[in-house]
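Student: Below is the file entry.txt, which contains compact mmCIF, C-alpha atoms.
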# COMPACT_ATOMS: atom_id res chain seq x y z
CA MET A 1 0.00 0.00 0.00
CA VAL A 2 1.47 3.28 -1.06
CA ASN A 3 1.94 5.86 1.67
CA ALA A 4 0.93 9.29 0.48
CA MET A 5 0.85 12.93 1.42
CA LEU A 6 -0.59 16.15 0.09
CA GLN A 7 1.40 19.21 -0.90
CA GLN A 8 0.02 22.67 -1.55
CA THR A 9 2.27 24.83 -3.70
CA VAL A 10 2.46 28.60 -3.75
CA GLY A 11 0.22 28.73 -6.79
CA GLY A 12 -2.46 26.73 -5.04
CA THR A 13 -2.14 23.45 -6.98
CA LEU A 14 -2.02 20.24 -5.02
CA GLN A 15 0.30 17.32 -5.66
CA LEU A 16 0.05 13.79 -4.37
CA LEU A 17 3.41 12.62 -3.05
CA SER A 18 4.48 9.12 -2.03
CA ASN A 19 7.55 7.03 -1.43
CA SER A 20 9.39 6.61 -4.70
CA GLY A 21 11.23 9.06 -6.92
CA THR A 22 9.24 9.01 -10.18
CA HIS A 23 6.33 10.71 -11.92
CA CYS A 24 3.10 9.05 -12.93
CA ASN A 25 -0.54 9.87 -13.66
CA VAL A 26 -3.54 8.92 -11.54
CA GLY A 27 -6.57 9.40 -13.74
CA ASN A 28 -6.22 12.93 -15.06
CA ARG A 29 -3.96 13.99 -12.17
CA SER A 30 -0.21 14.43 -12.37
CA VAL A 31 1.59 12.67 -9.53
CA ARG A 32 5.20 13.24 -8.42
CA LEU A 33 6.65 10.57 -6.17
CA LEU A 34 9.27 11.37 -3.51
CA PRO A 35 11.24 9.20 -1.07
CA LYS A 36 9.42 8.24 2.10
CA GLY A 37 10.28 10.35 5.12
CA PHE A 38 10.77 13.64 3.25
CA LYS A 39 9.61 16.78 4.98
CA LEU A 40 7.76 19.43 3.06
CA GLU A 41 8.61 23.11 3.11
CA VAL A 42 6.00 25.48 1.74
CA GLU A 43 6.58 29.14 0.99
CA PHE A 44 3.46 31.31 0.73
CA SER A 45 3.37 34.37 -1.48
CA LYS A 46 2.06 37.71 -0.29
CA ARG A 47 -1.33 36.70 -1.60
CA GLY A 48 -1.31 33.61 0.61
CA ILE A 49 -2.23 33.04 4.22
CA TYR A 50 1.05 34.46 5.43
CA SER A 51 2.60 37.60 3.94
CA SER A 52 6.06 36.05 3.91
CA GLY A 53 8.21 33.37 5.46
CA LYS A 54 8.23 29.60 5.40
CA ARG A 55 6.22 27.04 7.32
CA LYS A 56 7.39 23.43 7.72
CA PHE A 57 4.96 20.54 7.72
CA ASN A 58 5.57 16.95 8.68
CA VAL A 59 4.87 14.27 6.12
CA ILE A 60 1.21 13.22 6.24
CA GLN A 61 1.09 9.45 6.07
CA ALA A 62 -2.12 8.18 4.52
CA SER A 63 -3.42 5.04 2.94
CA THR A 64 -4.67 4.87 -0.63
CA PHE A 65 -8.18 4.99 0.81
CA GLN A 66 -7.44 8.14 2.77
CA THR A 67 -5.96 9.77 -0.29
CA SER A 68 -9.00 8.76 -2.29
CA VAL A 69 -11.42 10.36 0.13
CA VAL A 70 -9.55 13.65 0.19
CA GLY A 71 -8.53 13.20 -3.41
CA PRO A 72 -11.33 15.12 -5.18
CA LEU A 73 -9.83 18.32 -3.77
CA LEU A 74 -6.73 17.71 -5.92
CA ALA A 75 -8.59 18.56 -9.10
CA PRO A 76 -11.90 20.28 -8.28
CA SER A 77 -14.75 19.57 -10.65
CA SER A 78 -17.79 21.73 -11.08
CA SER A 79 -19.54 19.76 -8.34
CA ASP A 80 -16.82 20.87 -5.89
CA THR A 81 -17.50 24.56 -6.38
CA LEU A 82 -19.93 24.80 -3.48
CA ASP A 83 -17.46 23.35 -1.00
CA SER A 84 -14.32 25.09 -2.28
CA HIS A 85 -15.47 28.70 -2.63
CA MET A 86 -14.31 29.61 0.90
CA LYS A 87 -10.80 28.28 0.48
CA SER A 88 -9.14 31.37 -0.94
CA ASN A 89 -9.40 33.62 2.10
CA GLU A 90 -10.99 31.96 5.12
CA VAL A 91 -12.19 28.65 6.49
CA ALA A 92 -14.49 27.51 9.26
CA LEU A 93 -13.44 25.59 12.38
CA ILE A 94 -16.29 24.06 14.41
CA LEU A 95 -15.77 22.62 17.89
CA ILE A 96 -18.44 20.41 19.51
CA ARG A 97 -18.32 18.80 22.92
CA HIS A 98 -20.06 15.44 22.73
CA GLY A 99 -23.67 15.09 23.89
CA GLU A 100 -24.60 13.73 27.31
CA SER A 101 -23.19 10.24 27.96
CA LEU A 102 -24.64 7.46 30.11
CA TRP A 103 -22.07 8.20 32.80
CA ASN A 104 -22.76 11.95 32.63
CA GLU A 105 -26.35 11.02 33.42
CA LYS A 106 -25.23 8.86 36.36
CA ASN A 107 -22.84 11.58 37.65
CA LEU A 108 -19.81 9.30 37.31
CA PHE A 109 -16.25 10.27 36.42
CA THR A 110 -15.87 9.08 32.82
CA GLY A 111 -12.45 10.14 31.56
CA CYS A 112 -11.19 7.70 28.94
CA VAL A 113 -13.79 4.99 29.61
CA ASP A 114 -15.65 4.43 26.33
CA VAL A 115 -19.30 5.18 27.19
CA PRO A 116 -22.06 5.91 24.62
CA LEU A 117 -24.59 8.73 24.52
CA THR A 118 -27.94 8.82 26.31
CA ASN A 119 -31.14 9.57 24.43
CA LYS A 120 -30.68 13.17 25.55
CA GLY A 121 -27.14 13.11 24.20
CA ILE A 122 -28.41 11.84 20.86
CA GLU A 123 -30.92 14.69 20.74
CA GLU A 124 -28.17 17.18 21.63
CA ALA A 125 -26.00 15.87 18.78
CA ILE A 126 -28.86 16.18 16.31
CA GLU A 127 -29.59 19.72 17.52
CA ALA A 128 -25.90 20.57 17.10
CA GLY A 129 -26.23 19.32 13.53
CA HIS A 130 -29.13 21.69 12.91
CA ARG A 131 -27.02 24.57 14.16
CA ILE A 132 -24.13 23.88 11.79
CA SER A 133 -26.19 22.66 8.83
CA ASN A 134 -25.28 25.69 6.68
CA ILE A 135 -21.56 25.76 7.53
CA PRO A 136 -19.16 23.93 5.17
CA VAL A 137 -17.37 20.84 6.50
CA ASP A 138 -14.57 19.17 4.50
CA MET A 139 -12.94 17.01 7.20
CA ILE A 140 -13.93 15.76 10.66
CA TYR A 141 -11.62 14.97 13.58
CA THR A 142 -12.85 13.10 16.63
CA SER A 143 -11.38 11.35 19.63
CA SER A 144 -11.17 7.56 19.71
CA LEU A 145 -14.16 7.43 22.10
CA ILE A 146 -17.63 6.46 20.88
CA ARG A 147 -19.48 9.39 22.45
CA ALA A 148 -17.49 11.92 20.40
CA GLN A 149 -17.81 9.83 17.23
CA MET A 150 -21.58 9.42 17.70
CA THR A 151 -21.94 13.17 18.16
CA ALA A 152 -20.08 13.94 14.92
CA MET A 153 -21.98 11.33 12.90
CA LEU A 154 -25.41 12.31 14.21
CA ALA A 155 -24.68 16.01 13.71
CA MET A 156 -23.73 15.46 10.07
CA THR A 157 -27.03 13.69 9.33
CA GLN A 158 -28.60 17.15 9.61
CA HIS A 159 -26.20 18.93 7.26
CA ARG A 160 -27.88 20.27 4.15
CA ARG A 161 -24.99 19.22 1.91
CA LYS A 162 -25.89 15.57 2.66
CA LYS A 163 -22.35 14.26 2.37
CA VAL A 164 -21.63 11.02 4.23
CA PRO A 165 -19.02 11.03 7.04
CA ILE A 166 -16.75 7.98 6.75
CA ILE A 167 -14.28 6.93 9.46
CA LEU A 168 -10.83 6.23 8.03
CA HIS A 169 -9.40 2.93 9.28
CA ASN A 170 -5.62 3.03 9.17
CA GLU A 171 -4.90 0.44 11.87
CA ASP A 172 -3.15 -1.96 9.52
CA GLU A 173 -2.84 -2.99 5.86
CA ARG A 174 -5.98 -5.09 5.88
CA ALA A 175 -8.08 -2.33 7.46
CA ARG A 176 -6.93 0.08 4.76
CA ALA A 177 -7.58 -2.39 1.95
CA TRP A 178 -10.98 -3.53 3.19
CA SER A 179 -12.29 0.01 3.69
CA LYS A 180 -11.18 1.34 0.28
CA ILE A 181 -13.82 3.11 -1.85
CA TYR A 182 -13.78 2.44 -5.59
CA SER A 183 -16.39 4.94 -6.80
CA GLU A 184 -15.23 8.49 -7.58
CA ASP A 185 -18.81 9.74 -7.32
CA THR A 186 -19.15 8.21 -3.86
CA ILE A 187 -15.82 9.67 -2.79
CA GLU A 188 -16.96 13.15 -3.86
CA GLN A 189 -20.02 12.77 -1.62
CA SER A 190 -18.00 11.66 1.41
CA ILE A 191 -16.31 13.44 4.29
CA PRO A 192 -13.23 11.79 5.85
CA VAL A 193 -13.41 11.27 9.62
CA ILE A 194 -10.06 10.93 11.38
CA THR A 195 -9.95 9.61 14.94
CA SER A 196 -7.15 10.07 17.47
CA TRP A 197 -6.74 9.18 21.14
CA LYS A 198 -4.87 12.47 21.53
CA LEU A 199 -8.26 14.24 21.37
CA ASN A 200 -9.65 12.01 24.14
CA GLU A 201 -10.99 13.36 27.41
CA ARG A 202 -8.30 13.67 30.06
CA MET A 203 -7.69 10.43 31.88
CA TYR A 204 -9.12 10.65 35.39
CA GLY A 205 -7.06 7.78 36.79
CA GLU A 206 -8.46 6.17 39.93
CA LEU A 207 -11.53 8.41 39.82
CA GLN A 208 -12.91 6.79 36.66
CA GLY A 209 -16.21 5.07 37.36
CA LEU A 210 -16.65 6.69 40.80
CA ASN A 211 -19.69 8.76 41.69
CA LYS A 212 -18.71 12.43 41.82
CA GLN A 213 -20.76 13.25 44.89
CA GLU A 214 -19.63 10.17 46.80
CA THR A 215 -16.01 10.96 45.91
CA ALA A 216 -16.43 14.52 47.23
CA ASP A 217 -17.94 13.16 50.44
CA LYS A 218 -15.01 10.75 50.86
CA PHE A 219 -12.04 13.00 49.98
CA GLY A 220 -13.56 16.42 50.64
CA HIS A 221 -15.07 18.92 48.22
CA GLU A 222 -11.91 21.05 48.10
CA LYS A 223 -9.67 18.13 47.14
CA VAL A 224 -12.03 16.90 44.42
CA HIS A 225 -12.45 20.45 43.12
CA GLU A 226 -8.65 20.72 42.95
CA TRP A 227 -8.43 17.49 40.95
CA ARG A 228 -11.18 18.58 38.58
CA ARG A 229 -10.48 22.28 38.09
CA SER A 230 -6.81 22.99 38.78
CA TYR A 231 -4.51 23.28 35.78
CA ASP A 232 -1.53 21.17 36.79
CA ILE A 233 -2.66 18.92 39.67
CA PRO A 234 -3.77 15.46 38.44
CA PRO A 235 -6.12 13.06 40.21
CA PRO A 236 -4.47 9.87 41.55
CA ASN A 237 -2.72 8.12 38.62
CA GLY A 238 -4.49 10.39 36.14
CA GLU A 239 -3.87 13.40 33.91
CA SER A 240 -3.96 17.06 34.83
CA LEU A 241 -5.44 19.58 32.39
CA ALA A 242 -1.87 20.62 31.55
CA MET A 243 -1.02 17.04 30.56
CA CYS A 244 -4.18 16.76 28.47
CA ALA A 245 -3.38 20.11 26.81
CA GLN A 246 0.12 18.96 25.91
CA ARG A 247 -1.15 16.10 23.73
CA ALA A 248 -4.34 17.76 22.40
CA VAL A 249 -2.72 21.05 21.36
CA ALA A 250 0.27 19.27 19.82
CA TYR A 251 -2.11 17.13 17.75
CA PHE A 252 -4.06 20.22 16.68
CA ARG A 253 -0.93 22.06 15.61
CA ASP A 254 0.65 19.10 13.80
CA ASN A 255 -2.42 17.63 12.10
CA ILE A 256 -5.42 19.97 12.04
CA GLU A 257 -3.85 23.39 11.59
CA PRO A 258 -2.06 22.37 8.35
CA GLN A 259 -5.43 21.28 6.94
CA LEU A 260 -6.93 24.67 7.82
CA LEU A 261 -3.97 26.36 6.13
CA SER A 262 -4.61 24.29 2.99
CA GLY A 263 -8.20 25.54 2.84
CA LYS A 264 -10.17 22.77 4.56
CA ASN A 265 -13.22 23.53 6.71
CA ILE A 266 -12.89 21.39 9.85
CA LEU A 267 -15.25 19.97 12.47
CA ILE A 268 -13.76 18.67 15.74
CA SER A 269 -15.97 16.54 17.98
CA ALA A 270 -14.25 15.88 21.29
CA HIS A 271 -14.49 16.40 25.06
CA GLY A 272 -14.64 19.08 27.70
CA ASN A 273 -10.96 19.07 28.64
CA SER A 274 -9.42 18.37 25.23
CA LEU A 275 -11.55 21.16 23.73
CA ARG A 276 -10.75 23.54 26.59
CA SER A 277 -7.10 22.87 25.83
CA ILE A 278 -7.56 23.69 22.14
CA ILE A 279 -9.57 26.83 22.95
CA MET A 280 -6.78 27.89 25.30
CA TYR A 281 -4.44 27.73 22.29
CA LEU A 282 -6.86 29.43 19.87
CA ASP A 283 -7.82 32.28 22.23
CA LYS A 284 -4.41 32.56 23.89
CA LEU A 285 -5.89 32.01 27.36
CA THR A 286 -3.75 31.77 30.48
CA SER A 287 -3.76 28.69 32.69
CA GLN A 288 -5.93 30.60 35.17
CA GLU A 289 -8.42 31.65 32.50
CA VAL A 290 -8.84 28.19 31.01
CA ILE A 291 -9.75 26.52 34.32
CA THR A 292 -12.87 28.72 34.52
CA LEU A 293 -13.96 27.86 30.96
CA GLU A 294 -17.14 25.78 30.83
CA LEU A 295 -18.38 24.01 27.69
CA SER A 296 -21.93 22.71 27.44
CA THR A 297 -22.59 19.32 25.86
CA GLY A 298 -23.76 19.39 22.27
CA ILE A 299 -23.26 23.14 21.71
CA PRO A 300 -21.07 23.97 18.67
CA MET A 301 -18.52 26.77 18.78
CA LEU A 302 -17.60 28.47 15.51
CA TYR A 303 -14.20 29.97 14.64
CA ILE A 304 -13.12 31.61 11.41
CA PHE A 305 -9.50 31.02 10.40
CA LYS A 306 -8.33 33.93 8.27
CA GLU A 307 -4.87 35.30 7.47
CA GLY A 308 -3.28 33.00 10.03
CA LYS A 309 -5.58 34.11 12.86
CA PHE A 310 -8.42 32.37 14.70
CA ILE A 311 -11.50 34.54 15.20
CA ARG A 312 -14.15 33.23 17.58
CA ARG A 313 -17.70 33.80 16.34
CA GLY A 314 -19.67 32.17 19.12
CA SER A 315 -22.30 29.44 18.89
CA PRO A 316 -24.71 29.30 15.95
CA VAL A 317 -28.24 29.56 17.34
CA ALA A 318 -30.30 27.90 14.63
CA PRO A 319 -30.11 27.30 10.89
CA THR A 320 -33.00 29.71 10.27
CA GLU A 321 -31.26 32.73 11.78
CA ALA A 322 -29.63 34.46 8.83
CA GLY A 323 -27.60 36.75 11.07
CA VAL A 324 -25.65 33.84 12.53
CA TYR A 325 -24.40 32.75 9.13
CA ALA A 326 -23.68 36.30 8.00
CA TYR A 327 -20.73 36.47 10.41
CA THR A 328 -18.68 36.58 7.24
CA ARG A 329 -19.67 37.24 3.66
CA ARG A 330 -18.38 33.87 2.55
CA LEU A 331 -20.49 31.94 5.06
CA ALA A 332 -23.52 33.87 3.87
CA GLN A 333 -22.62 33.03 0.27
CA TYR A 334 -22.25 29.35 1.16
CA ARG A 335 -25.70 29.30 2.71
CA GLN A 336 -27.20 31.04 -0.33
CA LYS A 337 -25.64 28.45 -2.63
CA LEU A 338 -27.14 25.69 -0.49
CA ASP A 339 -30.54 27.38 -0.79
CA ASP A 340 -30.18 27.63 -4.56
CA MET A 341 -29.04 24.03 -4.91
CA LEU A 342 -31.69 22.48 -2.68
CA THR A 343 -34.74 24.48 -3.75
Go through the file and emit its structure as structure tokens.

Tutor:
Amino acid sequence: MVNAMLQQTVGGTLQLLSNSGTHCNVGNRSVRLLPKGFKLEVEFSKRGIYSSGKRKFNVIQASTFQTSVVGPLLAPSSSDTLDSHMKSNEVALILIRHGESLWNEKNLFTGCVDVPLTNKGIEEAIEAGHRISNIPVDMIYTSSLIRAQMTAMLAMTQHRRKKVPIILHNEDERARAWSKIYSEDTIEQSIPVITSWKLNERMYGELQGLNKQETADKFGHEKVHEWRRSYDIPPPNGESLAMCAQRAVAYFRDNIEPQLLSGKNILISAHGNSLRSIIMYLDKLTSQEVITLELSTGIPMLYIFKEGKFIRRGSPVAPTEAGVYAYTRRLAQYRQKLDDMLT
């Protein structure tokens, strides 16, 4: 299976790179093959995202299936116009904390235990989908936990573009081969979903599975509050928020931010602490500010990424409120194109 990566050149064309040193054609696309392990250095012109300078990206390892799903962006057809019109100047970043889980309902510490959504959580995910149904989504990132994945999948069932989110399985050669898509039309109507444990909730150690109230009664409210809301004090054999932030922010910078720079609109479905960590990075919050940040389950948060800066736009209220989607001209144009296409 050929390992592949994407390169965006100064002129905006995309090349598919892999691990040999030759040229070949894939369909109507020109492909240049490079040795495995190369790093890519991209220089943006003054018309690009950065006015000058160079930004280094690590090689993006992907299976043939992964390349196929993202592949239509290499040579946009007329059907891609709706999804690509925002790419020149700005892109959308949507953050969603998963809906209520069964252990949220039972007031138990969940952490990295893989617990599904309640009926209320399912409804919250669907409502989140209504709220983002007019915002473009090109790629989805979730944690490895089912409650975040369910939230992303259920939310996308409400999107007016009606593309199908598909989880990329890159565990081994067989997983890549068995999940490959062979229809270009189907690929064009798909959204790749990438999962990573680095977006997981922080690991609560020996608190996982314990009742929160009973734990406070046993250890004292101040001690439990310190474990839950301090920045750098972990619970017994668990992670602090600082430790969670180290992995989540590093993953965002190394994997998600390059996709935003290349013009992709991104949805992240994750957890209270991993998302607080990412928001700390986006909004440049201090460690004292982030510990007071509260995120409700199932409520999307919209950012616009423009000229190398993240601009927080708040939470979309409902798909029928035109003002929400007129935060930027391009979002308003995207919604109008959806209206024209679907009416």

Student: Between CA of Leu199 (chain A) and CA of Gln259 (chain A), measure the distance and give it in Å to one decimal.

Tutor: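 Separation between CA of Leu199 (chain A) and CA of Gln259 (chain A): 16.3 Å.
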
Student: Find the distance between CA of His130 (chain A) and CA of Gln158 (chain A) and write it in Å to one decimal.

Tutor: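 Computing it gives 5.6 Å between the two atoms.
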
Student: Which of these residues is nearest to Asn265 (chain A), using all atoms listed in the file: A:Gly314, A:Gly209, A:Gly111, A:Pro192?

Tutor: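 Closest residue, counting all atoms listed in the file: A:Pro192.
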
Student: Neighbours of region 93-108 of chain A within 9 Å (all atoms listed in the file; same-chain residues fewer than 5 positions away dropped), as a PDB file with C-alpha atoms, in the frame of the given file?

Tutor:
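The resulting file, out_11.pdb, is shown below:
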ATOM      1  CA  VAL A 115     -19.300   5.180  27.190  1.00  0.00           C
ATOM      2  CA  PRO A 116     -22.060   5.910  24.620  1.00  0.00           C
ATOM      3  CA  LEU A 117     -24.590   8.730  24.520  1.00  0.00           C
ATOM      4  CA  THR A 118     -27.940   8.820  26.310  1.00  0.00           C
ATOM      5  CA  ASN A 119     -31.140   9.570  24.430  1.00  0.00           C
ATOM      6  CA  LYS A 120     -30.680  13.170  25.550  1.00  0.00           C
ATOM      7  CA  GLY A 121     -27.140  13.110  24.200  1.00  0.00           C
ATOM      8  CA  ILE A 122     -28.410  11.840  20.860  1.00  0.00           C
ATOM      9  CA  GLU A 123     -30.920  14.690  20.740  1.00  0.00           C
ATOM     10  CA  GLU A 124     -28.170  17.180  21.630  1.00  0.00           C
ATOM     11  CA  ALA A 125     -26.000  15.870  18.780  1.00  0.00           C
ATOM     12  CA  ALA A 128     -25.900  20.570  17.100  1.00  0.00           C
ATOM     13  CA  ILE A 132     -24.130  23.880  11.790  1.00  0.00           C
ATOM     14  CA  ILE A 135     -21.560  25.760   7.530  1.00  0.00           C
ATOM     15  CA  VAL A 137     -17.370  20.840   6.500  1.00  0.00           C
ATOM     16  CA  ARG A 147     -19.480   9.390  22.450  1.00  0.00           C
ATOM     17  CA  ALA A 148     -17.490  11.920  20.400  1.00  0.00           C
ATOM     18  CA  GLN A 149     -17.810   9.830  17.230  1.00  0.00           C
ATOM     19  CA  MET A 150     -21.580   9.420  17.700  1.00  0.00           C
ATOM     20  CA  THR A 151     -21.940  13.170  18.160  1.00  0.00           C
ATOM     21  CA  ALA A 152     -20.080  13.940  14.920  1.00  0.00           C
ATOM     22  CA  LEU A 207     -11.530   8.410  39.820  1.00  0.00           C
ATOM     23  CA  GLN A 208     -12.910   6.790  36.660  1.00  0.00           C
ATOM     24  CA  GLY A 209     -16.210   5.070  37.360  1.00  0.00           C
ATOM     25  CA  LEU A 210     -16.650   6.690  40.800  1.00  0.00           C
ATOM     26  CA  ASN A 211     -19.690   8.760  41.690  1.00  0.00           C
ATOM     27  CA  LYS A 212     -18.710  12.430  41.820  1.00  0.00           C
ATOM     28  CA  GLN A 213     -20.760  13.250  44.890  1.00  0.00           C
ATOM     29  CA  LEU A 260      -6.930  24.670   7.820  1.00  0.00           C
ATOM     30  CA  LYS A 264     -10.170  22.770   4.560  1.00  0.00           C
ATOM     31  CA  ASN A 265     -13.220  23.530   6.710  1.00  0.00           C
ATOM     32  CA  ILE A 266     -12.890  21.390   9.850  1.00  0.00           C
ATOM     33  CA  LEU A 267     -15.250  19.970  12.470  1.00  0.00           C
ATOM     34  CA  ILE A 268     -13.760  18.670  15.740  1.00  0.00           C
ATOM     35  CA  SER A 269     -15.970  16.540  17.980  1.00  0.00           C
ATOM     36  CA  ALA A 270     -14.250  15.880  21.290  1.00  0.00           C
ATOM     37  CA  HIS A 271     -14.490  16.400  25.060  1.00  0.00           C
ATOM     38  CA  GLY A 272     -14.640  19.080  27.700  1.00  0.00           C
ATOM     39  CA  LEU A 275     -11.550  21.160  23.730  1.00  0.00           C
ATOM     40  CA  LEU A 295     -18.380  24.010  27.690  1.00  0.00           C
ATOM     41  CA  SER A 296     -21.930  22.710  27.440  1.00  0.00           C
ATOM     42  CA  THR A 297     -22.590  19.320  25.860  1.00  0.00           C
ATOM     43  CA  GLY A 298     -23.760  19.390  22.270  1.00  0.00           C
ATOM     44  CA  ILE A 299     -23.260  23.140  21.710  1.00  0.00           C
ATOM     45  CA  PRO A 300     -21.070  23.970  18.670  1.00  0.00           C
ATOM     46  CA  MET A 301     -18.520  26.770  18.780  1.00  0.00           C
ATOM     47  CA  LEU A 302     -17.600  28.470  15.510  1.00  0.00           C
ATOM     48  CA  TYR A 303     -14.200  29.970  14.640  1.00  0.00           C
ATOM     49  CA  ILE A 304     -13.120  31.610  11.410  1.00  0.00           C
ATOM     50  CA  PHE A 305      -9.500  31.020  10.400  1.00  0.00           C
ATOM     51  CA  PHE A 310      -8.420  32.370  14.700  1.00  0.00           C
TER      52      PHE A 310
END

Student: Dump as a list of chain:residue names all residues having an atom at most 8 Å from (-8.0, 26.3, 18.5), computed in the file's coordinates with only C-alpha atoms.

Tutor: A:Val249, A:Phe252, A:Ile278, A:Ile279, A:Met280, A:Tyr281, A:Leu282, A:Asp283, A:Phe310

Student: Give me the residues within 12 Å of Gly205 (chain A) as a PyMOL selection string, counting all atoms listed in the file and dropping any in the same chain fewer than 2 places off.

Tutor: chain A and resi 109-113+201-203+207-210+227-228+234-240

Student: Tell me, in Å to one decimal, how far CA of Ser144 (chain A) is from CA of Cys244 (chain A).

Tutor: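 We find that CA of Ser144 (chain A) and CA of Cys244 (chain A) lie 14.5 Å from each other.
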